[in-house]
file protein13.cif (mmCIF, C-alpha atoms)
data_my_file
loop_
_atom_site.group_PDB
_atom_site.id
_atom_site.type_symbol
_atom_site.label_atom_id
_atom_site.label_comp_id
_atom_site.auth_asym_id
_atom_site.auth_seq_id
_atom_site.Cartn_x
_atom_site.Cartn_y
_atom_site.Cartn_z
ATOM 1 C CA MET A 1178 3.647 6.333 -6.052
ATOM 2 C CA LYS A 1179 6.374 7.652 -3.734
ATOM 3 C CA LYS A 1180 3.989 7.587 -0.752
ATOM 4 C CA PHE A 1181 2.878 4.052 -1.658
ATOM 5 C CA LEU A 1182 6.497 2.829 -1.654
ATOM 6 C CA PHE A 1183 7.208 4.717 1.569
ATOM 7 C CA ASP A 1184 4.254 2.979 3.243
ATOM 8 C CA LEU A 1185 5.613 -0.380 2.045
ATOM 9 C CA PHE A 1186 9.112 0.303 3.382
ATOM 10 C CA PRO A 1187 8.872 -1.923 6.522
ATOM 11 C CA LEU A 1188 7.249 -4.745 4.525
ATOM 12 C CA LEU A 1189 9.933 -4.645 1.825
ATOM 13 C CA LEU A 1190 12.719 -4.659 4.412
ATOM 14 C CA PHE A 1191 10.993 -7.593 6.170
ATOM 15 C CA PHE A 1192 11.067 -9.520 2.879
ATOM 16 C CA VAL A 1193 14.724 -8.720 2.139
ATOM 17 C CA ALA A 1194 15.824 -9.562 5.689
ATOM 18 C CA TYR A 1195 13.931 -12.856 5.541
ATOM 19 C CA ARG A 1196 15.726 -13.789 2.316
ATOM 20 C CA PHE A 1197 19.126 -13.198 3.939
ATOM 21 C CA ALA A 1198 18.393 -14.462 7.460
ATOM 22 C CA ASP A 1199 15.261 -15.864 9.118
ATOM 23 C CA ILE A 1200 11.819 -14.873 10.371
ATOM 24 C CA TYR A 1201 13.175 -13.486 13.639
ATOM 25 C CA VAL A 1202 15.728 -11.184 12.023
ATOM 26 C CA ALA A 1203 13.091 -10.125 9.489
ATOM 27 C CA THR A 1204 10.657 -9.340 12.309
ATOM 28 C CA ALA A 1205 13.245 -7.220 14.132
ATOM 29 C CA VAL A 1206 14.094 -5.381 10.908
ATOM 30 C CA ALA A 1207 10.394 -4.664 10.237
ATOM 31 C CA MET A 1208 9.971 -3.305 13.770
ATOM 32 C CA VAL A 1209 12.991 -1.015 13.448
ATOM 33 C CA ALA A 1210 11.833 0.091 9.977
ATOM 34 C CA ALA A 1211 8.336 0.952 11.273
ATOM 35 C CA ILE A 1212 9.805 2.987 14.128
ATOM 36 C CA GLY A 1213 12.256 4.649 11.728
ATOM 37 C CA GLN A 1214 9.426 5.422 9.317
ATOM 38 C CA LEU A 1215 7.539 7.375 11.994
ATOM 39 C CA GLY A 1216 10.751 9.085 13.071
ATOM 40 C CA TYR A 1217 11.360 10.188 9.493
ATOM 41 C CA ILE A 1218 7.817 11.559 9.191
ATOM 42 C CA LYS A 1219 8.277 13.445 12.471
ATOM 43 C CA LEU A 1220 11.652 14.877 11.358
ATOM 44 C CA ARG A 1221 10.055 16.108 8.147
ATOM 45 C CA ARG A 1222 7.398 17.773 10.323
ATOM 46 C CA HIS A 1223 4.595 15.982 8.512
ATOM 47 C CA GLN A 1224 1.502 14.696 10.230
ATOM 48 C CA ILE A 1225 1.641 11.014 11.135
ATOM 49 C CA GLU A 1226 -1.439 9.261 9.772
ATOM 50 C CA PRO A 1227 -3.521 7.071 12.104
ATOM 51 C CA MET A 1228 -2.716 4.071 9.889
ATOM 52 C CA HIS A 1229 0.991 4.489 10.645
ATOM 53 C CA TRP A 1230 0.322 4.562 14.405
ATOM 54 C CA ILE A 1231 -1.912 1.498 14.223
ATOM 55 C CA ASN A 1232 0.644 -0.404 12.147
ATOM 56 C CA LEU A 1233 3.420 0.566 14.561
ATOM 57 C CA VAL A 1234 1.498 -0.636 17.618
ATOM 58 C CA VAL A 1235 0.561 -3.939 15.952
ATOM 59 C CA ILE A 1236 4.090 -4.639 14.674
ATOM 60 C CA VAL A 1237 5.667 -3.766 18.030
ATOM 61 C CA VAL A 1238 3.201 -5.931 19.985
ATOM 62 C CA PHE A 1239 3.181 -8.948 17.663
ATOM 63 C CA GLY A 1240 6.797 -8.584 16.557
ATOM 64 C CA GLY A 1241 7.858 -8.161 20.170
ATOM 65 C CA ALA A 1242 5.967 -11.309 21.169
ATOM 66 C CA THR A 1243 7.578 -13.176 18.267
ATOM 67 C CA LEU A 1244 11.072 -12.191 19.378
ATOM 68 C CA TRP A 1245 10.478 -12.527 23.123
ATOM 69 C CA LEU A 1246 8.883 -15.980 22.909
ATOM 70 C CA GLN A 1247 10.781 -17.143 19.791
ATOM 71 C CA ASN A 1248 7.445 -18.129 18.258
ATOM 72 C CA ASP A 1249 6.718 -17.074 14.686
ATOM 73 C CA ALA A 1250 2.960 -17.556 15.131
ATOM 74 C CA PHE A 1251 2.661 -14.018 16.494
ATOM 75 C CA ILE A 1252 4.163 -12.321 13.440
ATOM 76 C CA LYS A 1253 1.995 -14.528 11.222
ATOM 77 C CA TRP A 1254 -1.069 -13.203 13.045
ATOM 78 C CA LYS A 1255 0.006 -9.578 12.525
ATOM 79 C CA PRO A 1256 -1.524 -9.008 9.030
ATOM 80 C CA THR A 1257 -4.806 -10.582 10.127
ATOM 81 C CA VAL A 1258 -5.024 -8.493 13.285
ATOM 82 C CA LEU A 1259 -4.236 -5.333 11.329
ATOM 83 C CA TYR A 1260 -6.787 -6.098 8.590
ATOM 84 C CA TRP A 1261 -9.491 -7.151 11.018
ATOM 85 C CA LEU A 1262 -8.880 -4.061 13.128
ATOM 86 C CA PHE A 1263 -9.407 -1.883 10.043
ATOM 87 C CA ALA A 1264 -12.597 -3.819 9.216
ATOM 88 C CA VAL A 1265 -13.976 -3.395 12.742
ATOM 89 C CA ILE A 1266 -13.185 0.330 12.749
ATOM 90 C CA LEU A 1267 -14.923 0.850 9.403
ATOM 91 C CA LEU A 1268 -17.958 -1.253 10.333
ATOM 92 C CA ALA A 1269 -18.316 0.229 13.819
ATOM 93 C CA SER A 1270 -18.160 3.782 12.513
ATOM 94 C CA GLN A 1271 -20.878 2.930 9.977
ATOM 95 C CA LEU A 1272 -23.176 0.729 12.068
ATOM 96 C CA ILE A 1273 -22.758 2.016 15.631
ATOM 97 C CA TRP A 1274 -21.928 5.706 15.260
ATOM 98 C CA HIS A 1275 -23.733 6.138 11.915
ATOM 99 C CA GLN A 1276 -20.766 7.937 10.426
ATOM 100 C CA ASN A 1277 -18.826 6.861 7.402
ATOM 101 C CA LEU A 1278 -15.141 7.006 8.276
ATOM 102 C CA LEU A 1279 -14.064 6.733 4.644
ATOM 103 C CA GLN A 1280 -16.266 9.697 3.779
ATOM 104 C CA LYS A 1281 -14.588 11.700 6.535
ATOM 105 C CA LEU A 1282 -11.134 10.715 5.291
ATOM 106 C CA LEU A 1283 -11.734 10.955 1.538
ATOM 107 C CA GLY A 1284 -14.699 13.329 1.241
ATOM 108 C CA GLY A 1285 -12.480 16.210 0.210
ATOM 109 C CA LYS A 1286 -10.966 14.177 -2.610
ATOM 110 C CA ILE A 1287 -13.991 12.452 -4.145
ATOM 111 C CA ALA A 1288 -17.705 13.120 -4.078
ATOM 112 C CA LEU A 1289 -19.919 10.046 -3.877
ATOM 113 C CA THR A 1290 -23.587 9.397 -3.393
ATOM 114 C CA ASP A 1291 -24.652 8.126 0.050
ATOM 115 C CA THR A 1292 -25.031 4.685 -1.526
ATOM 116 C CA GLY A 1293 -21.505 4.985 -2.898
ATOM 117 C CA TRP A 1294 -20.042 5.843 0.516
ATOM 118 C CA ARG A 1295 -21.922 2.994 2.233
ATOM 119 C CA GLY A 1296 -20.860 0.572 -0.493
ATOM 120 C CA LEU A 1297 -17.258 1.724 -0.264
ATOM 121 C CA SER A 1298 -17.179 1.216 3.500
ATOM 122 C CA ILE A 1299 -18.813 -2.211 3.330
ATOM 123 C CA SER A 1300 -16.642 -3.401 0.457
ATOM 124 C CA TRP A 1301 -13.408 -2.321 2.183
ATOM 125 C CA SER A 1302 -14.542 -3.950 5.428
ATOM 126 C CA SER A 1303 -15.356 -7.139 3.546
ATOM 127 C CA PHE A 1304 -12.000 -7.076 1.785
ATOM 128 C CA PHE A 1305 -10.136 -6.674 5.080
ATOM 129 C CA LEU A 1306 -12.092 -9.530 6.688
ATOM 130 C CA PHE A 1307 -11.418 -11.798 3.693
ATOM 131 C CA ALA A 1308 -7.712 -10.902 3.443
ATOM 132 C CA GLY A 1309 -7.260 -11.503 7.179
ATOM 133 C CA ALA A 1310 -8.908 -14.917 6.963
ATOM 134 C CA LEU A 1311 -6.867 -15.821 3.887
ATOM 135 C CA ASN A 1312 -3.666 -14.872 5.725
ATOM 136 C CA LEU A 1313 -4.597 -17.234 8.571
ATOM 137 C CA PHE A 1314 -5.246 -20.028 6.091
ATOM 138 C CA VAL A 1315 -1.871 -19.601 4.374
ATOM 139 C CA ALA A 1316 -0.029 -19.153 7.678
ATOM 140 C CA PHE A 1317 -1.582 -21.986 9.708
ATOM 141 C CA SER A 1318 -3.275 -24.544 7.440
ATOM 142 C CA GLY A 1319 -0.119 -26.632 7.194
ATOM 143 C CA LEU A 1320 -0.356 -26.554 3.403
ATOM 144 C CA PHE A 1321 2.247 -23.822 2.983
ATOM 145 C CA SER A 1322 5.823 -23.390 4.168
ATOM 146 C CA GLU A 1323 7.035 -20.385 6.136
ATOM 147 C CA SER A 1324 8.739 -19.108 2.977
ATOM 148 C CA ALA A 1325 5.459 -19.439 1.042
ATOM 149 C CA TRP A 1326 3.700 -17.447 3.761
ATOM 150 C CA VAL A 1327 6.326 -14.675 3.558
ATOM 151 C CA ASN A 1328 5.871 -14.519 -0.232
ATOM 152 C CA PHE A 1329 2.089 -14.453 0.219
ATOM 153 C CA LYS A 1330 2.329 -11.717 2.868
ATOM 154 C CA VAL A 1331 4.454 -9.514 0.608
ATOM 155 C CA PHE A 1332 3.187 -10.306 -2.887
ATOM 156 C CA GLY A 1333 -0.106 -12.166 -2.486
ATOM 157 C CA LEU A 1334 -1.797 -9.732 -0.125
ATOM 158 C CA MET A 1335 -0.387 -6.778 -2.076
ATOM 159 C CA GLY A 1336 -1.620 -8.258 -5.354
ATOM 160 C CA LEU A 1337 -5.069 -8.813 -3.846
ATOM 161 C CA LEU A 1338 -5.113 -5.236 -2.612
ATOM 162 C CA ILE A 1339 -4.163 -3.837 -6.024
ATOM 163 C CA LEU A 1340 -6.765 -6.019 -7.760
ATOM 164 C CA PHE A 1341 -9.397 -4.932 -5.233
ATOM 165 C CA VAL A 1342 -8.568 -1.242 -5.760
ATOM 166 C CA ILE A 1343 -8.930 -1.659 -9.538
ATOM 167 C CA VAL A 1344 -12.307 -3.387 -9.209
ATOM 168 C CA GLN A 1345 -13.362 -0.872 -6.571
ATOM 169 C CA SER A 1346 -12.504 2.078 -8.819
ATOM 170 C CA MET A 1347 -14.651 0.644 -11.628
ATOM 171 C CA TRP A 1348 -17.578 0.298 -9.209
ATOM 172 C CA LEU A 1349 -17.027 3.798 -7.813
ATOM 173 C CA GLY A 1350 -17.414 5.333 -11.263
ATOM 174 C CA LYS A 1351 -21.141 4.617 -11.038
ATOM 175 C CA HIS A 1352 -21.496 6.511 -7.760
ATOM 176 C CA ILE A 1353 -19.384 9.626 -8.312
ATOM 177 C CA ILE A 1354 -21.322 12.845 -8.099
ATOM 178 C CA SER A 1355 -20.326 15.043 -10.980
ATOM 179 C CA GLU A 1356 -20.263 18.786 -10.746
ATOM 180 C CA PRO A 1357 -23.330 20.368 -12.359
ATOM 181 C CA ALA A 1358 -22.515 21.603 -15.827
ATOM 182 C CA GLN A 1359 -22.185 25.371 -16.116
ATOM 183 C CA PRO A 1360 -24.208 26.859 -18.978
ATOM 184 C CA GLU A 1361 -22.087 28.055 -21.830
ATOM 185 C CA VAL A 1362 -22.087 31.793 -22.371
ATOM 186 C CA ARG A 1363 -22.057 32.575 -26.056
ATOM 187 C CA SER A 1364 -20.973 35.935 -27.407
ATOM 188 C CA ASP A 1365 -24.036 36.217 -29.667
ATOM 189 C CA ASP A 1366 -26.402 35.472 -26.750
ATOM 190 C CA PRO A 1367 -28.324 38.663 -25.797
ATOM 191 C CA THR A 1368 -28.776 37.570 -22.163
ATOM 192 C CA PRO A 1369 -25.986 38.645 -19.791
#

call {"tool": "encode", "arguments": {"input": "protein13.cif", "output": "structure tokens"}}
result
Amino acid sequence: MKKFLFDLFPLLLFFVAYRFADIYVATAVAMVAAIGQLGYIKLRRHQIEPMHWINLVVIVVFGGATLWLQNDAFIKWKPTVLYWLFAVILLASQLIWHQNLLQKLLGGKIALTDTGWRGLSISWSSFFLFAGALNLFVAFSGLFSESAWVNFKVFGLMGLLILFVIVQSMWLGKHIISEPAQPEVRSDDPTP
């Protein structure tokens, strides 16, 4: 839970800054928070995960464009670019290089069938593509205010992610490889 909240740190500060100021201040705060987050990880001498680097690059590029050009469209594109980038990475590793990136990342933590790993990769890719498209709809359809988009970015996308993880975990239960049962050794059994 602590790691989850730590990963959300820039997003939460973005939300708070937006409530007290505007989209431009919130964008600057999120950029500083993302840089500070990596600095903190480095100071603690922990390994910086690729996801943190990717998020930092995307927030600096799109946040920087937002501030430089005073155009909030760039920061509104940021979640979509990040999600679609994750989807492309997962799909390319599976379809082009015939390697399952999720299996490489999570293989030491869970054991799945080949079908389970393929399904996990495809379902996460699909989720990221859908969430990115939904972000664009909320941000640019004209049906929602900037404030509604900020709420969606913080709570809507997070709620979708949590719901997806719950559904995903139920599906994964069918594809987990269990350890083979060890035969019980009974004291009255004559075999050693």

call {"tool": "residues_around", "arguments": {"input": "protein13.cif", "residues": "Phe1304 (chain A)", "least_positions_apart": "4", "cutoff": "10 Å", "atoms": "all atoms listed in the file", "output": "number ranges by chain"}}
result
A: 1260-1261, 1264, 1298-1300, 1308-1310, 1337-1338, 1341

call {"tool": "residues_around", "arguments": {"input": "protein13.cif", "residues": "region 1231-1246 of chain A", "least_positions_apart": "3", "cutoff": "12 Å", "atoms": "only C-alpha atoms", "output": "PyMOL selection string"}}
result
chain A and resi 1184-1185+1187-1188+1191+1199-1216+1225-1228+1249-1263+1266

call {"tool": "residues_around", "arguments": {"input": "protein13.cif", "residues": "region 1279-1286 of chain A", "least_positions_apart": "4", "cutoff": "10 Å", "atoms": "all atoms listed in the file", "output": "ChimeraX atom specification"}}
result
/A:1267,1270-1271,1291,1293-1295,1297-1298,1301

call {"tool": "closest_residue", "arguments": {"input": "protein13.cif", "among": "A:Asn1312, A:Ser1303, A:Gln1345, A:Ser1324", "to": "Phe1192 (chain A)", "atoms": "only C-alpha atoms"}}
result
A:Ser1324

call {"tool": "closest_residue", "arguments": {"input": "protein13.cif", "among": "A:Leu1268, A:Phe1332, A:Leu1220, A:Trp1348", "to": "Leu1306 (chain A)", "atoms": "all atoms listed in the file"}}
result
A:Leu1268

call {"tool": "atom_distance", "arguments": {"input": "protein13.cif", "atom1": "CA of Val1193 (chain A)", "atom2": "CA of Ser1322 (chain A)"}}
result
17.3 Å

call {"tool": "atom_distance", "arguments": {"input": "protein13.cif", "atom1": "CA of Phe1197 (chain A)", "atom2": "CA of Gly1333 (chain A)"}}
result
20.3 Å

call {"tool": "atom_distance", "arguments": {"input": "protein13.cif", "atom1": "CA of Val1315 (chain A)", "atom2": "CA of Phe1329 (chain A)"}}
result
7.7 Å

call {"tool": "closest_residue", "arguments": {"input": "protein13.cif", "among": "A:Ser1302, A:Asn1277, A:Ser1346, A:Gln1224", "to": "Val1265 (chain A)", "atoms": "all atoms listed in the file"}}
result
A:Ser1302

call {"tool": "axis_aligned_box", "arguments": {"input": "protein13.cif", "around": "region 1339-1343 of chain A", "padding_each_side": "6 Å", "output": "lines of an AutoDock Vina configuration file"}}
result
center_x = -6.8
center_y = -3.6
center_z = -7.4
size_x = 17.2
size_y = 16.8
size_z = 16.3

call {"tool": "build_atoms", "arguments": {"input": "protein13.cif", "residues": "region 1190-1217 of chain A", "atoms": "N, CA and C atoms", "output": "PDB file, in the frame of the given file"}}
result
ATOM      1  N   LEU A1190      11.530  -4.301   3.624  1.00  0.00           N
ATOM      2  CA  LEU A1190      12.719  -4.659   4.412  1.00  0.00           C
ATOM      3  C   LEU A1190      12.532  -6.005   5.119  1.00  0.00           C
ATOM      4  N   PHE A1191      11.300  -6.287   5.576  1.00  0.00           N
ATOM      5  CA  PHE A1191      10.993  -7.593   6.170  1.00  0.00           C
ATOM      6  C   PHE A1191      11.316  -8.698   5.164  1.00  0.00           C
ATOM      7  N   PHE A1192      10.859  -8.524   3.925  1.00  0.00           N
ATOM      8  CA  PHE A1192      11.067  -9.520   2.879  1.00  0.00           C
ATOM      9  C   PHE A1192      12.562  -9.719   2.594  1.00  0.00           C
ATOM     10  N   VAL A1193      13.291  -8.625   2.430  1.00  0.00           N
ATOM     11  CA  VAL A1193      14.724  -8.720   2.139  1.00  0.00           C
ATOM     12  C   VAL A1193      15.468  -9.385   3.298  1.00  0.00           C
ATOM     13  N   ALA A1194      15.156  -8.971   4.522  1.00  0.00           N
ATOM     14  CA  ALA A1194      15.824  -9.562   5.689  1.00  0.00           C
ATOM     15  C   ALA A1194      15.520 -11.051   5.801  1.00  0.00           C
ATOM     16  N   TYR A1195      14.283 -11.433   5.483  1.00  0.00           N
ATOM     17  CA  TYR A1195      13.931 -12.856   5.541  1.00  0.00           C
ATOM     18  C   TYR A1195      14.760 -13.653   4.530  1.00  0.00           C
ATOM     19  N   ARG A1196      14.968 -13.090   3.357  1.00  0.00           N
ATOM     20  CA  ARG A1196      15.726 -13.789   2.316  1.00  0.00           C
ATOM     21  C   ARG A1196      17.184 -14.004   2.731  1.00  0.00           C
ATOM     22  N   PHE A1197      17.730 -13.090   3.534  1.00  0.00           N
ATOM     23  CA  PHE A1197      19.126 -13.198   3.939  1.00  0.00           C
ATOM     24  C   PHE A1197      19.313 -13.841   5.303  1.00  0.00           C
ATOM     25  N   ALA A1198      18.242 -13.922   6.099  1.00  0.00           N
ATOM     26  CA  ALA A1198      18.393 -14.462   7.460  1.00  0.00           C
ATOM     27  C   ALA A1198      17.223 -15.393   7.756  1.00  0.00           C
ATOM     28  N   ASP A1199      16.397 -15.028   8.745  1.00  0.00           N
ATOM     29  CA  ASP A1199      15.261 -15.864   9.118  1.00  0.00           C
ATOM     30  C   ASP A1199      14.097 -14.973   9.556  1.00  0.00           C
ATOM     31  N   ILE A1200      13.038 -15.591  10.002  1.00  0.00           N
ATOM     32  CA  ILE A1200      11.819 -14.873  10.371  1.00  0.00           C
ATOM     33  C   ILE A1200      12.045 -13.936  11.554  1.00  0.00           C
ATOM     34  N   TYR A1201      12.938 -14.299  12.447  1.00  0.00           N
ATOM     35  CA  TYR A1201      13.175 -13.486  13.639  1.00  0.00           C
ATOM     36  C   TYR A1201      13.967 -12.217  13.302  1.00  0.00           C
ATOM     37  N   VAL A1202      14.978 -12.362  12.480  1.00  0.00           N
ATOM     38  CA  VAL A1202      15.728 -11.184  12.023  1.00  0.00           C
ATOM     39  C   VAL A1202      14.804 -10.290  11.198  1.00  0.00           C
ATOM     40  N   ALA A1203      14.014 -10.897  10.321  1.00  0.00           N
ATOM     41  CA  ALA A1203      13.091 -10.125   9.489  1.00  0.00           C
ATOM     42  C   ALA A1203      12.078  -9.362  10.343  1.00  0.00           C
ATOM     43  N   THR A1204      11.604  -9.994  11.404  1.00  0.00           N
ATOM     44  CA  THR A1204      10.657  -9.340  12.309  1.00  0.00           C
ATOM     45  C   THR A1204      11.311  -8.144  12.992  1.00  0.00           C
ATOM     46  N   ALA A1205      12.531  -8.323  13.482  1.00  0.00           N
ATOM     47  CA  ALA A1205      13.245  -7.220  14.132  1.00  0.00           C
ATOM     48  C   ALA A1205      13.485  -6.073  13.149  1.00  0.00           C
ATOM     49  N   VAL A1206      13.855  -6.405  11.933  1.00  0.00           N
ATOM     50  CA  VAL A1206      14.094  -5.381  10.908  1.00  0.00           C
ATOM     51  C   VAL A1206      12.795  -4.620  10.610  1.00  0.00           C
ATOM     52  N   ALA A1207      11.681  -5.325  10.499  1.00  0.00           N
ATOM     53  CA  ALA A1207      10.394  -4.664  10.237  1.00  0.00           C
ATOM     54  C   ALA A1207      10.015  -3.735  11.383  1.00  0.00           C
ATOM     55  N   MET A1208      10.279  -4.156  12.611  1.00  0.00           N
ATOM     56  CA  MET A1208       9.971  -3.305  13.770  1.00  0.00           C
ATOM     57  C   MET A1208      10.807  -2.031  13.741  1.00  0.00           C
ATOM     58  N   VAL A1209      12.103  -2.177  13.505  1.00  0.00           N
ATOM     59  CA  VAL A1209      12.991  -1.015  13.448  1.00  0.00           C
ATOM     60  C   VAL A1209      12.584  -0.109  12.283  1.00  0.00           C
ATOM     61  N   ALA A1210      12.239  -0.698  11.144  1.00  0.00           N
ATOM     62  CA  ALA A1210      11.833   0.091   9.977  1.00  0.00           C
ATOM     63  C   ALA A1210      10.548   0.875  10.255  1.00  0.00           C
ATOM     64  N   ALA A1211       9.588   0.259  10.949  1.00  0.00           N
ATOM     65  CA  ALA A1211       8.336   0.952  11.273  1.00  0.00           C
ATOM     66  C   ALA A1211       8.586   2.117  12.228  1.00  0.00           C
ATOM     67  N   ILE A1212       9.453   1.907  13.200  1.00  0.00           N
ATOM     68  CA  ILE A1212       9.805   2.987  14.128  1.00  0.00           C
ATOM     69  C   ILE A1212      10.559   4.086  13.375  1.00  0.00           C
ATOM     70  N   GLY A1213      11.502   3.683  12.533  1.00  0.00           N
ATOM     71  CA  GLY A1213      12.256   4.649  11.728  1.00  0.00           C
ATOM     72  C   GLY A1213      11.368   5.430  10.779  1.00  0.00           C
ATOM     73  N   GLN A1214      10.364   4.770  10.229  1.00  0.00           N
ATOM     74  CA  GLN A1214       9.426   5.422   9.317  1.00  0.00           C
ATOM     75  C   GLN A1214       8.696   6.570  10.024  1.00  0.00           C
ATOM     76  N   LEU A1215       8.215   6.321  11.241  1.00  0.00           N
ATOM     77  CA  LEU A1215       7.539   7.375  11.994  1.00  0.00           C
ATOM     78  C   LEU A1215       8.513   8.472  12.401  1.00  0.00           C
ATOM     79  N   GLY A1216       9.734   8.088  12.745  1.00  0.00           N
ATOM     80  CA  GLY A1216      10.751   9.085  13.071  1.00  0.00           C
ATOM     81  C   GLY A1216      11.039   9.997  11.882  1.00  0.00           C
ATOM     82  N   TYR A1217      11.116   9.409  10.708  1.00  0.00           N
ATOM     83  CA  TYR A1217      11.360  10.188   9.493  1.00  0.00           C
ATOM     84  C   TYR A1217      10.207  11.163   9.231  1.00  0.00           C
TER      85      TYR A1217
END
